>>> print(open('work03.txt').read())   # compact mmCIF, N, CA and C atoms
# COMPACT_ATOMS: atom_id res chain seq x y z
N MET A 1 -43.11 81.69 124.79
CA MET A 1 -42.64 80.49 124.13
C MET A 1 -41.94 79.62 125.15
N ASN A 2 -42.19 78.37 125.07
CA ASN A 2 -41.52 77.38 125.90
C ASN A 2 -40.05 77.31 125.49
N LEU A 3 -39.13 77.27 126.47
CA LEU A 3 -37.71 77.23 126.15
C LEU A 3 -37.35 76.04 125.27
N GLN A 4 -38.06 74.93 125.38
CA GLN A 4 -37.76 73.77 124.55
C GLN A 4 -38.09 74.03 123.09
N ASP A 5 -38.97 74.99 122.80
CA ASP A 5 -39.31 75.32 121.41
C ASP A 5 -38.17 76.05 120.73
N PHE A 6 -37.19 76.50 121.48
CA PHE A 6 -36.08 77.28 120.96
C PHE A 6 -34.84 76.40 120.76
N THR A 7 -35.05 75.16 120.38
CA THR A 7 -33.92 74.24 120.21
C THR A 7 -33.56 74.01 118.76
N ARG A 8 -34.50 74.12 117.85
CA ARG A 8 -34.19 73.98 116.43
C ARG A 8 -35.20 74.78 115.61
N TRP A 9 -34.80 75.11 114.40
CA TRP A 9 -35.65 75.90 113.51
C TRP A 9 -36.96 75.17 113.26
N GLN A 10 -38.05 75.91 113.37
CA GLN A 10 -39.38 75.37 113.12
C GLN A 10 -39.98 76.06 111.89
N PRO A 11 -40.72 75.35 111.06
CA PRO A 11 -41.37 76.00 109.92
C PRO A 11 -42.27 77.17 110.33
N SER A 12 -42.81 77.11 111.51
CA SER A 12 -43.68 78.19 111.99
C SER A 12 -42.93 79.49 112.22
N TYR A 13 -41.59 79.45 112.25
CA TYR A 13 -40.80 80.67 112.43
C TYR A 13 -40.73 81.49 111.15
N SER A 14 -41.03 80.88 110.02
CA SER A 14 -40.93 81.56 108.73
C SER A 14 -41.93 82.71 108.63
N ILE A 15 -41.46 83.82 108.05
CA ILE A 15 -42.38 84.92 107.78
C ILE A 15 -42.74 84.98 106.30
N GLY A 16 -42.20 84.05 105.51
CA GLY A 16 -42.59 83.95 104.11
C GLY A 16 -41.75 84.78 103.16
N ASN A 17 -40.60 85.27 103.61
CA ASN A 17 -39.70 86.02 102.75
C ASN A 17 -38.36 85.29 102.79
N TRP A 18 -37.88 84.84 101.64
CA TRP A 18 -36.69 84.00 101.57
C TRP A 18 -35.48 84.66 102.22
N VAL A 19 -35.23 85.92 101.90
CA VAL A 19 -34.05 86.61 102.43
C VAL A 19 -34.14 86.74 103.94
N LEU A 20 -35.27 87.25 104.44
CA LEU A 20 -35.40 87.44 105.88
C LEU A 20 -35.40 86.11 106.62
N ASP A 21 -36.07 85.12 106.06
CA ASP A 21 -36.09 83.80 106.72
C ASP A 21 -34.68 83.21 106.81
N ASN A 22 -33.89 83.36 105.76
CA ASN A 22 -32.53 82.83 105.81
C ASN A 22 -31.66 83.61 106.79
N GLN A 23 -31.86 84.91 106.87
CA GLN A 23 -31.15 85.69 107.88
C GLN A 23 -31.58 85.25 109.28
N HIS A 24 -32.87 85.02 109.46
CA HIS A 24 -33.36 84.54 110.76
C HIS A 24 -32.71 83.20 111.11
N LYS A 25 -32.56 82.32 110.12
CA LYS A 25 -31.95 81.01 110.38
C LYS A 25 -30.50 81.16 110.84
N VAL A 26 -29.76 82.06 110.21
CA VAL A 26 -28.36 82.30 110.60
C VAL A 26 -28.32 82.85 112.03
N ILE A 27 -29.18 83.82 112.33
CA ILE A 27 -29.23 84.40 113.67
C ILE A 27 -29.59 83.33 114.69
N PHE A 28 -30.56 82.50 114.35
CA PHE A 28 -30.99 81.41 115.23
C PHE A 28 -29.80 80.49 115.56
N CYS A 29 -29.04 80.10 114.53
CA CYS A 29 -27.87 79.24 114.75
C CYS A 29 -26.82 79.94 115.61
N LEU A 30 -26.59 81.22 115.36
CA LEU A 30 -25.60 81.95 116.15
C LEU A 30 -26.05 82.09 117.61
N CYS A 31 -27.35 82.25 117.82
CA CYS A 31 -27.86 82.29 119.20
C CYS A 31 -27.49 81.00 119.92
N HIS A 32 -27.69 79.89 119.25
CA HIS A 32 -27.36 78.60 119.87
C HIS A 32 -25.87 78.41 120.08
N GLU A 33 -25.08 78.88 119.12
CA GLU A 33 -23.63 78.80 119.30
C GLU A 33 -23.21 79.62 120.52
N ALA A 34 -23.79 80.81 120.66
CA ALA A 34 -23.44 81.67 121.81
C ALA A 34 -23.79 80.98 123.12
N ILE A 35 -24.96 80.36 123.18
CA ILE A 35 -25.39 79.67 124.40
C ILE A 35 -24.43 78.52 124.73
N GLU A 36 -24.01 77.80 123.69
CA GLU A 36 -23.16 76.63 123.89
C GLU A 36 -21.73 76.99 124.31
N CYS A 37 -21.28 78.20 124.01
CA CYS A 37 -19.90 78.53 124.34
C CYS A 37 -19.79 79.67 125.35
N VAL A 38 -20.78 79.78 126.23
CA VAL A 38 -20.69 80.77 127.31
C VAL A 38 -19.41 80.49 128.09
N PRO A 39 -18.58 81.51 128.28
CA PRO A 39 -17.30 81.30 128.97
C PRO A 39 -17.48 80.70 130.37
N ASP A 40 -16.60 79.75 130.66
CA ASP A 40 -16.62 79.10 131.97
C ASP A 40 -15.28 79.26 132.68
N GLY A 41 -14.50 80.21 132.22
CA GLY A 41 -13.18 80.42 132.80
C GLY A 41 -12.06 79.89 131.93
N SER A 42 -12.38 79.04 130.97
CA SER A 42 -11.34 78.51 130.08
C SER A 42 -11.10 79.50 128.94
N GLN A 43 -9.85 79.61 128.55
CA GLN A 43 -9.47 80.54 127.49
C GLN A 43 -10.14 80.19 126.16
N GLY A 44 -10.24 78.90 125.86
CA GLY A 44 -10.82 78.47 124.58
C GLY A 44 -12.25 78.93 124.41
N LEU A 45 -13.07 78.74 125.44
CA LEU A 45 -14.47 79.17 125.34
C LEU A 45 -14.58 80.68 125.28
N ALA A 46 -13.72 81.38 125.99
CA ALA A 46 -13.77 82.85 125.97
C ALA A 46 -13.49 83.37 124.57
N VAL A 47 -12.50 82.79 123.90
CA VAL A 47 -12.17 83.21 122.54
C VAL A 47 -13.30 82.86 121.59
N GLN A 48 -13.84 81.65 121.73
CA GLN A 48 -14.95 81.23 120.88
C GLN A 48 -16.17 82.11 121.10
N PHE A 49 -16.49 82.40 122.36
CA PHE A 49 -17.65 83.24 122.65
C PHE A 49 -17.47 84.63 122.06
N HIS A 50 -16.27 85.18 122.17
CA HIS A 50 -15.99 86.51 121.61
C HIS A 50 -16.26 86.53 120.10
N SER A 51 -15.82 85.49 119.42
CA SER A 51 -16.02 85.39 117.97
C SER A 51 -17.50 85.27 117.63
N VAL A 52 -18.21 84.39 118.32
CA VAL A 52 -19.64 84.20 118.07
C VAL A 52 -20.41 85.47 118.41
N ARG A 53 -20.03 86.12 119.51
CA ARG A 53 -20.68 87.37 119.90
C ARG A 53 -20.56 88.41 118.79
N ASN A 54 -19.36 88.56 118.24
CA ASN A 54 -19.16 89.52 117.16
C ASN A 54 -19.96 89.15 115.92
N ASP A 55 -19.99 87.86 115.59
CA ASP A 55 -20.78 87.41 114.43
C ASP A 55 -22.26 87.68 114.65
N LEU A 56 -22.75 87.38 115.84
CA LEU A 56 -24.18 87.58 116.14
C LEU A 56 -24.54 89.05 116.07
N LEU A 57 -23.74 89.91 116.70
CA LEU A 57 -24.03 91.34 116.66
C LEU A 57 -24.00 91.87 115.23
N GLY A 58 -23.04 91.41 114.43
CA GLY A 58 -22.96 91.85 113.04
C GLY A 58 -24.13 91.36 112.20
N CYS A 59 -24.51 90.11 112.38
CA CYS A 59 -25.64 89.55 111.62
C CYS A 59 -26.95 90.23 112.00
N VAL A 60 -27.13 90.51 113.29
CA VAL A 60 -28.35 91.18 113.74
C VAL A 60 -28.41 92.59 113.13
N GLU A 61 -27.30 93.30 113.14
CA GLU A 61 -27.28 94.65 112.56
C GLU A 61 -27.59 94.61 111.06
N GLU A 62 -26.97 93.69 110.34
CA GLU A 62 -27.23 93.56 108.91
C GLU A 62 -28.69 93.18 108.65
N HIS A 63 -29.20 92.24 109.43
CA HIS A 63 -30.58 91.79 109.26
C HIS A 63 -31.56 92.92 109.50
N PHE A 64 -31.35 93.67 110.58
CA PHE A 64 -32.26 94.77 110.87
C PHE A 64 -32.24 95.80 109.74
N GLY A 65 -31.07 96.07 109.18
CA GLY A 65 -30.99 97.00 108.05
C GLY A 65 -31.75 96.48 106.84
N THR A 66 -31.60 95.20 106.55
CA THR A 66 -32.33 94.59 105.43
C THR A 66 -33.83 94.67 105.66
N GLU A 67 -34.24 94.34 106.86
CA GLU A 67 -35.66 94.34 107.20
C GLU A 67 -36.24 95.76 107.09
N GLU A 68 -35.53 96.74 107.60
CA GLU A 68 -36.02 98.12 107.56
C GLU A 68 -36.10 98.63 106.13
N THR A 69 -35.14 98.26 105.28
CA THR A 69 -35.18 98.67 103.87
C THR A 69 -36.41 98.07 103.20
N LEU A 70 -36.66 96.81 103.44
CA LEU A 70 -37.83 96.14 102.86
C LEU A 70 -39.12 96.78 103.36
N LEU A 71 -39.19 97.06 104.65
CA LEU A 71 -40.40 97.67 105.22
C LEU A 71 -40.61 99.08 104.69
N ARG A 72 -39.53 99.82 104.48
CA ARG A 72 -39.64 101.17 103.89
C ARG A 72 -40.17 101.06 102.48
N HIS A 73 -39.66 100.08 101.73
CA HIS A 73 -40.08 99.87 100.35
C HIS A 73 -41.57 99.55 100.26
N CYS A 74 -42.09 98.79 101.21
CA CYS A 74 -43.51 98.42 101.14
C CYS A 74 -44.38 99.39 101.95
N ARG A 75 -43.77 100.49 102.39
CA ARG A 75 -44.49 101.55 103.11
C ARG A 75 -45.22 101.01 104.35
N TYR A 76 -44.52 100.20 105.09
CA TYR A 76 -45.08 99.63 106.32
C TYR A 76 -45.40 100.76 107.29
N PRO A 77 -46.66 100.89 107.73
CA PRO A 77 -47.08 102.05 108.53
C PRO A 77 -46.45 102.12 109.93
N TRP A 78 -45.94 101.02 110.44
CA TRP A 78 -45.36 101.02 111.79
C TRP A 78 -43.85 100.85 111.75
N LEU A 79 -43.23 101.32 110.65
CA LEU A 79 -41.80 101.19 110.49
C LEU A 79 -41.03 101.87 111.62
N ASP A 80 -41.42 103.07 112.01
CA ASP A 80 -40.69 103.78 113.06
C ASP A 80 -40.70 103.00 114.37
N ARG A 81 -41.84 102.43 114.71
CA ARG A 81 -41.93 101.61 115.93
C ARG A 81 -41.02 100.38 115.81
N HIS A 82 -41.02 99.78 114.63
CA HIS A 82 -40.21 98.59 114.41
C HIS A 82 -38.71 98.93 114.50
N LYS A 83 -38.33 100.08 113.95
CA LYS A 83 -36.94 100.51 114.02
C LYS A 83 -36.53 100.75 115.48
N GLU A 84 -37.42 101.31 116.26
CA GLU A 84 -37.14 101.51 117.69
C GLU A 84 -36.92 100.18 118.40
N GLU A 85 -37.75 99.18 118.05
CA GLU A 85 -37.57 97.84 118.62
C GLU A 85 -36.18 97.30 118.26
N HIS A 86 -35.79 97.51 117.02
CA HIS A 86 -34.48 97.04 116.58
C HIS A 86 -33.36 97.69 117.38
N LEU A 87 -33.40 99.00 117.50
CA LEU A 87 -32.37 99.71 118.24
C LEU A 87 -32.32 99.27 119.70
N ASP A 88 -33.48 99.15 120.30
CA ASP A 88 -33.57 98.73 121.70
C ASP A 88 -32.97 97.33 121.87
N PHE A 89 -33.31 96.43 120.96
CA PHE A 89 -32.79 95.07 121.09
C PHE A 89 -31.28 95.04 120.87
N GLN A 90 -30.78 95.79 119.89
CA GLN A 90 -29.34 95.79 119.65
C GLN A 90 -28.58 96.23 120.91
N LEU A 91 -29.09 97.24 121.57
CA LEU A 91 -28.45 97.71 122.81
C LEU A 91 -28.54 96.66 123.91
N GLN A 92 -29.72 96.07 124.07
CA GLN A 92 -29.89 95.02 125.08
C GLN A 92 -28.99 93.82 124.79
N LEU A 93 -28.93 93.42 123.52
CA LEU A 93 -28.12 92.28 123.14
C LEU A 93 -26.65 92.53 123.42
N ALA A 94 -26.16 93.69 123.03
CA ALA A 94 -24.75 94.02 123.26
C ALA A 94 -24.43 94.00 124.75
N ARG A 95 -25.32 94.59 125.55
CA ARG A 95 -25.09 94.61 127.00
C ARG A 95 -25.12 93.20 127.59
N PHE A 96 -26.10 92.41 127.18
CA PHE A 96 -26.24 91.07 127.75
C PHE A 96 -25.07 90.18 127.35
N LEU A 97 -24.64 90.30 126.11
CA LEU A 97 -23.50 89.50 125.67
C LEU A 97 -22.23 89.93 126.40
N MET A 98 -22.06 91.22 126.65
CA MET A 98 -20.89 91.69 127.39
C MET A 98 -20.95 91.17 128.83
N SER A 99 -22.11 91.24 129.42
CA SER A 99 -22.29 90.73 130.78
C SER A 99 -21.98 89.23 130.84
N THR A 100 -22.39 88.52 129.81
CA THR A 100 -22.12 87.08 129.73
C THR A 100 -20.62 86.85 129.58
N ALA A 101 -19.98 87.63 128.72
CA ALA A 101 -18.53 87.48 128.52
C ALA A 101 -17.76 87.73 129.80
N LEU A 102 -18.29 88.60 130.65
CA LEU A 102 -17.63 88.92 131.92
C LEU A 102 -17.95 87.92 133.02
N GLY A 103 -18.73 86.89 132.69
CA GLY A 103 -19.04 85.84 133.65
C GLY A 103 -20.20 86.16 134.58
N LYS A 104 -20.97 87.18 134.24
CA LYS A 104 -22.08 87.58 135.10
C LYS A 104 -23.39 86.87 134.77
N GLU A 105 -23.40 86.12 133.66
CA GLU A 105 -24.60 85.42 133.23
C GLU A 105 -24.26 83.95 133.01
N GLU A 106 -25.20 83.10 133.29
CA GLU A 106 -25.07 81.66 133.06
C GLU A 106 -25.66 81.32 131.68
N PRO A 107 -25.31 80.16 131.14
CA PRO A 107 -25.90 79.76 129.86
C PRO A 107 -27.44 79.80 129.88
N ALA A 108 -28.04 79.40 130.99
CA ALA A 108 -29.51 79.40 131.07
C ALA A 108 -30.07 80.83 130.98
N ASP A 109 -29.33 81.80 131.53
CA ASP A 109 -29.77 83.20 131.45
C ASP A 109 -29.73 83.70 130.01
N LEU A 110 -28.64 83.37 129.31
CA LEU A 110 -28.52 83.77 127.91
C LEU A 110 -29.59 83.07 127.07
N HIS A 111 -29.83 81.81 127.33
CA HIS A 111 -30.86 81.05 126.61
C HIS A 111 -32.23 81.72 126.80
N ARG A 112 -32.54 82.07 128.01
CA ARG A 112 -33.83 82.71 128.32
C ARG A 112 -33.93 84.07 127.61
N PHE A 113 -32.87 84.88 127.70
CA PHE A 113 -32.87 86.19 127.05
C PHE A 113 -33.10 86.06 125.55
N LEU A 114 -32.35 85.17 124.90
CA LEU A 114 -32.47 85.02 123.45
C LEU A 114 -33.80 84.40 123.04
N SER A 115 -34.29 83.43 123.79
CA SER A 115 -35.57 82.81 123.43
C SER A 115 -36.72 83.78 123.65
N ASP A 116 -36.63 84.62 124.68
CA ASP A 116 -37.66 85.64 124.89
C ASP A 116 -37.67 86.63 123.73
N TRP A 117 -36.48 87.06 123.30
CA TRP A 117 -36.41 87.98 122.17
C TRP A 117 -36.96 87.30 120.92
N TRP A 118 -36.58 86.06 120.69
CA TRP A 118 -37.05 85.33 119.51
C TRP A 118 -38.58 85.31 119.49
N SER A 119 -39.15 85.02 120.63
CA SER A 119 -40.61 84.94 120.74
C SER A 119 -41.26 86.31 120.53
N GLU A 120 -40.72 87.32 121.17
CA GLU A 120 -41.32 88.65 121.11
C GLU A 120 -41.12 89.32 119.75
N HIS A 121 -39.93 89.20 119.19
CA HIS A 121 -39.65 89.93 117.96
C HIS A 121 -39.96 89.11 116.71
N ILE A 122 -39.35 87.97 116.58
CA ILE A 122 -39.52 87.19 115.35
C ILE A 122 -40.92 86.60 115.25
N LEU A 123 -41.38 85.98 116.32
CA LEU A 123 -42.66 85.28 116.26
C LEU A 123 -43.86 86.19 116.45
N SER A 124 -43.64 87.40 116.91
CA SER A 124 -44.75 88.31 117.12
C SER A 124 -44.62 89.54 116.23
N SER A 125 -43.64 90.37 116.51
CA SER A 125 -43.49 91.63 115.80
C SER A 125 -43.25 91.44 114.30
N ASP A 126 -42.35 90.53 113.93
CA ASP A 126 -42.08 90.31 112.51
C ASP A 126 -43.27 89.68 111.79
N LYS A 127 -44.01 88.84 112.48
CA LYS A 127 -45.19 88.23 111.86
C LYS A 127 -46.24 89.30 111.50
N GLU A 128 -46.23 90.42 112.25
CA GLU A 128 -47.18 91.50 111.97
C GLU A 128 -46.99 92.10 110.59
N PHE A 129 -45.75 92.18 110.11
CA PHE A 129 -45.53 92.82 108.81
C PHE A 129 -45.50 91.83 107.66
N ALA A 130 -45.60 90.56 107.93
CA ALA A 130 -45.51 89.54 106.87
C ALA A 130 -46.49 89.81 105.73
N GLY A 131 -47.72 90.16 106.05
CA GLY A 131 -48.70 90.44 105.01
C GLY A 131 -48.32 91.63 104.16
N SER A 132 -47.70 92.63 104.76
CA SER A 132 -47.28 93.83 104.02
C SER A 132 -46.21 93.50 102.99
N ILE A 133 -45.24 92.68 103.37
CA ILE A 133 -44.17 92.37 102.41
C ILE A 133 -44.63 91.41 101.34
N HIS A 134 -45.62 90.61 101.62
CA HIS A 134 -46.13 89.67 100.61
C HIS A 134 -46.86 90.42 99.51
N ARG A 135 -47.45 91.56 99.83
CA ARG A 135 -48.22 92.33 98.83
C ARG A 135 -47.32 93.10 97.88
N VAL A 136 -46.04 93.26 98.19
CA VAL A 136 -45.16 94.12 97.41
C VAL A 136 -44.41 93.39 96.29
N ARG A 137 -44.32 92.15 96.28
CA ARG A 137 -43.51 91.37 95.34
C ARG A 137 -43.40 91.96 94.00
>>> encode(input="work03.txt", output="structure tokens")
Amino acid sequence: MNLQDFTRWQPSYSIGNWVLDNQHKVIFCLCHEAIECVPDGSQGLAVQFHSVRNDLLGCVEEHFGTEETLLRHCRYPWLDRHKEEHLDFQLQLARFLMSTALGKEEPADLHRFLSDWWSEHILSSDKEFAGSIHRVR
């Protein structure tokens, strides 16, 4: 995905499930908030980044739980693989956000990391199960 495509919510990001799409929208906004308040040495940005980081990690954890419950309910055959992706990303996200908080990452690095994840997970991996959840209504 082109980094410019990661600037605002696009209808093409929808997977067709109201709950998951709304959770994705919140995560998307938090990703942008995190990028905008990467600490630059000022106390204000550091406090703001810490708050956004905690919100993002919490929302991602809640979202992954919701998604896994829905996938279990619809007997998604690749649920275990999807759960592994979730765990791997949560660990990567926590590490990257900590590295950013410590001043080891620039806003462009965080933007790239988050947009790559958005492209790989939301636009690819999550789109794979969209048909499965639509059949369960």
>>> atom_distance(input="work03.txt", atom1="atom C of Ala34 in chain A", atom2="atom C of Val52 in chain A")
7.3 Å
>>> atom_distance(input="work03.txt", atom1="atom C of Asp40 in chain A", atom2="atom C of Ser115 in chain A")
23.7 Å
>>> closest_residue(input="work03.txt", among="A:Arg75, A:His24, A:His50, A:His82", to="Glu62 in chain A", atoms="only C-alpha atoms")
A:His24
>>> atom_distance(input="work03.txt", atom1="CA of Phe28 in chain A", atom2="CA of Pro77 in chain A")
27.0 Å
>>> residues_around(input="work03.txt", residues="Val60 in chain A", least_positions_apart="5", cutoff="10 Å", atoms="only C-alpha atoms", output="number ranges by chain")
A: 23-24, 26-27, 30, 54-55, 65-66, 86, 89-90, 93
>>> residues_around(input="work03.txt", residues="Glu105 in chain A", least_positions_apart="6", cutoff="8 Å", atoms="all atoms listed in the file", output="PDB file with N, CA and C atoms, in the coordinates of the input")
ATOM      1  N   VAL A  38     -20.780  79.780 126.230  1.00  0.00           N
ATOM      2  CA  VAL A  38     -20.690  80.770 127.310  1.00  0.00           C
ATOM      3  C   VAL A  38     -19.410  80.490 128.090  1.00  0.00           C
ATOM      4  N   PRO A  39     -18.580  81.510 128.280  1.00  0.00           N
ATOM      5  CA  PRO A  39     -17.300  81.300 128.970  1.00  0.00           C
ATOM      6  C   PRO A  39     -17.480  80.700 130.370  1.00  0.00           C
ATOM      7  N   PHE A  96     -26.100  92.410 127.180  1.00  0.00           N
ATOM      8  CA  PHE A  96     -26.240  91.070 127.750  1.00  0.00           C
ATOM      9  C   PHE A  96     -25.070  90.180 127.350  1.00  0.00           C
ATOM     10  N   MET A  98     -22.060  91.220 126.650  1.00  0.00           N
ATOM     11  CA  MET A  98     -20.890  91.690 127.390  1.00  0.00           C
ATOM     12  C   MET A  98     -20.950  91.170 128.830  1.00  0.00           C
ATOM     13  N   SER A  99     -22.110  91.240 129.420  1.00  0.00           N
ATOM     14  CA  SER A  99     -22.290  90.730 130.780  1.00  0.00           C
ATOM     15  C   SER A  99     -21.980  89.230 130.840  1.00  0.00           C
TER      16      SER A  99
END
>>> select_by_dssp(input="work03.txt", residues="chain A", states="helix (DSSP H, G or I)", output="ChimeraX atom specification")
/A:3-6,11-13,18-36,43-73,79-101,107-134
>>> build_atoms(input="work03.txt", residues="range 90-112 of chain A", atoms="N, CA, C and O atoms", output="short mmCIF file (atom, residue, chain, number, x, y, z; two decimals), in the coordinates of the input")
data_model
loop_
_atom_site.label_atom_id
_atom_site.label_comp_id
_atom_site.auth_asym_id
_atom_site.auth_seq_id
_atom_site.Cartn_x
_atom_site.Cartn_y
_atom_site.Cartn_z
N GLN A 90 -30.78 95.79 119.89
CA GLN A 90 -29.34 95.79 119.65
C GLN A 90 -28.58 96.23 120.91
O GLN A 90 -27.55 95.64 121.25
N LEU A 91 -29.09 97.24 121.57
CA LEU A 91 -28.45 97.71 122.81
C LEU A 91 -28.54 96.66 123.91
O LEU A 91 -27.55 96.38 124.59
N GLN A 92 -29.72 96.07 124.07
CA GLN A 92 -29.89 95.02 125.08
C GLN A 92 -28.99 93.82 124.79
O GLN A 92 -28.37 93.27 125.71
N LEU A 93 -28.93 93.42 123.52
CA LEU A 93 -28.12 92.28 123.14
C LEU A 93 -26.65 92.53 123.42
O LEU A 93 -25.96 91.70 124.01
N ALA A 94 -26.16 93.69 123.03
CA ALA A 94 -24.75 94.02 123.26
C ALA A 94 -24.43 94.00 124.75
O ALA A 94 -23.41 93.44 125.17
N ARG A 95 -25.32 94.59 125.55
CA ARG A 95 -25.09 94.61 127.00
C ARG A 95 -25.12 93.20 127.59
O ARG A 95 -24.29 92.85 128.42
N PHE A 96 -26.10 92.41 127.18
CA PHE A 96 -26.24 91.07 127.75
C PHE A 96 -25.07 90.18 127.35
O PHE A 96 -24.55 89.42 128.17
N LEU A 97 -24.64 90.30 126.11
CA LEU A 97 -23.50 89.50 125.67
C LEU A 97 -22.23 89.93 126.40
O LEU A 97 -21.39 89.08 126.75
N MET A 98 -22.06 91.22 126.65
CA MET A 98 -20.89 91.69 127.39
C MET A 98 -20.95 91.17 128.83
O MET A 98 -19.95 90.70 129.37
N SER A 99 -22.11 91.24 129.42
CA SER A 99 -22.29 90.73 130.78
C SER A 99 -21.98 89.23 130.84
O SER A 99 -21.35 88.75 131.78
N THR A 100 -22.39 88.52 129.81
CA THR A 100 -22.12 87.08 129.73
C THR A 100 -20.62 86.85 129.58
O THR A 100 -20.05 85.97 130.23
N ALA A 101 -19.98 87.63 128.72
CA ALA A 101 -18.53 87.48 128.52
C ALA A 101 -17.76 87.73 129.80
O ALA A 101 -16.70 87.13 130.03
N LEU A 102 -18.29 88.60 130.65
CA LEU A 102 -17.63 88.92 131.92
C LEU A 102 -17.95 87.92 133.02
O LEU A 102 -17.52 88.09 134.16
N GLY A 103 -18.73 86.89 132.69
CA GLY A 103 -19.04 85.84 133.65
C GLY A 103 -20.20 86.16 134.58
O GLY A 103 -20.41 85.46 135.57
N LYS A 104 -20.97 87.18 134.24
CA LYS A 104 -22.08 87.58 135.10
C LYS A 104 -23.39 86.87 134.77
O LYS A 104 -24.38 87.03 135.47
N GLU A 105 -23.40 86.12 133.66
CA GLU A 105 -24.60 85.42 133.23
C GLU A 105 -24.26 83.95 133.01
O GLU A 105 -23.17 83.61 132.55
N GLU A 106 -25.20 83.10 133.29
CA GLU A 106 -25.07 81.66 133.06
C GLU A 106 -25.66 81.32 131.68
O GLU A 106 -26.44 82.09 131.14
N PRO A 107 -25.31 80.16 131.14
CA PRO A 107 -25.90 79.76 129.86
C PRO A 107 -27.44 79.80 129.88
O PRO A 107 -28.06 80.21 128.91
N ALA A 108 -28.04 79.40 130.99
CA ALA A 108 -29.51 79.40 131.07
C ALA A 108 -30.07 80.83 130.98
O ALA A 108 -31.14 81.04 130.41
N ASP A 109 -29.33 81.80 131.53
CA ASP A 109 -29.77 83.20 131.45
C ASP A 109 -29.73 83.70 130.01
O ASP A 109 -30.65 84.37 129.54
N LEU A 110 -28.64 83.37 129.31
CA LEU A 110 -28.52 83.77 127.91
C LEU A 110 -29.59 83.07 127.07
O LEU A 110 -30.21 83.70 126.20
N HIS A 111 -29.83 81.81 127.33
CA HIS A 111 -30.86 81.05 126.61
C HIS A 111 -32.23 81.72 126.80
O HIS A 111 -32.97 81.92 125.83
N ARG A 112 -32.54 82.07 128.01
CA ARG A 112 -33.83 82.71 128.32
C ARG A 112 -33.93 84.07 127.61
O ARG A 112 -34.95 84.38 126.99
#
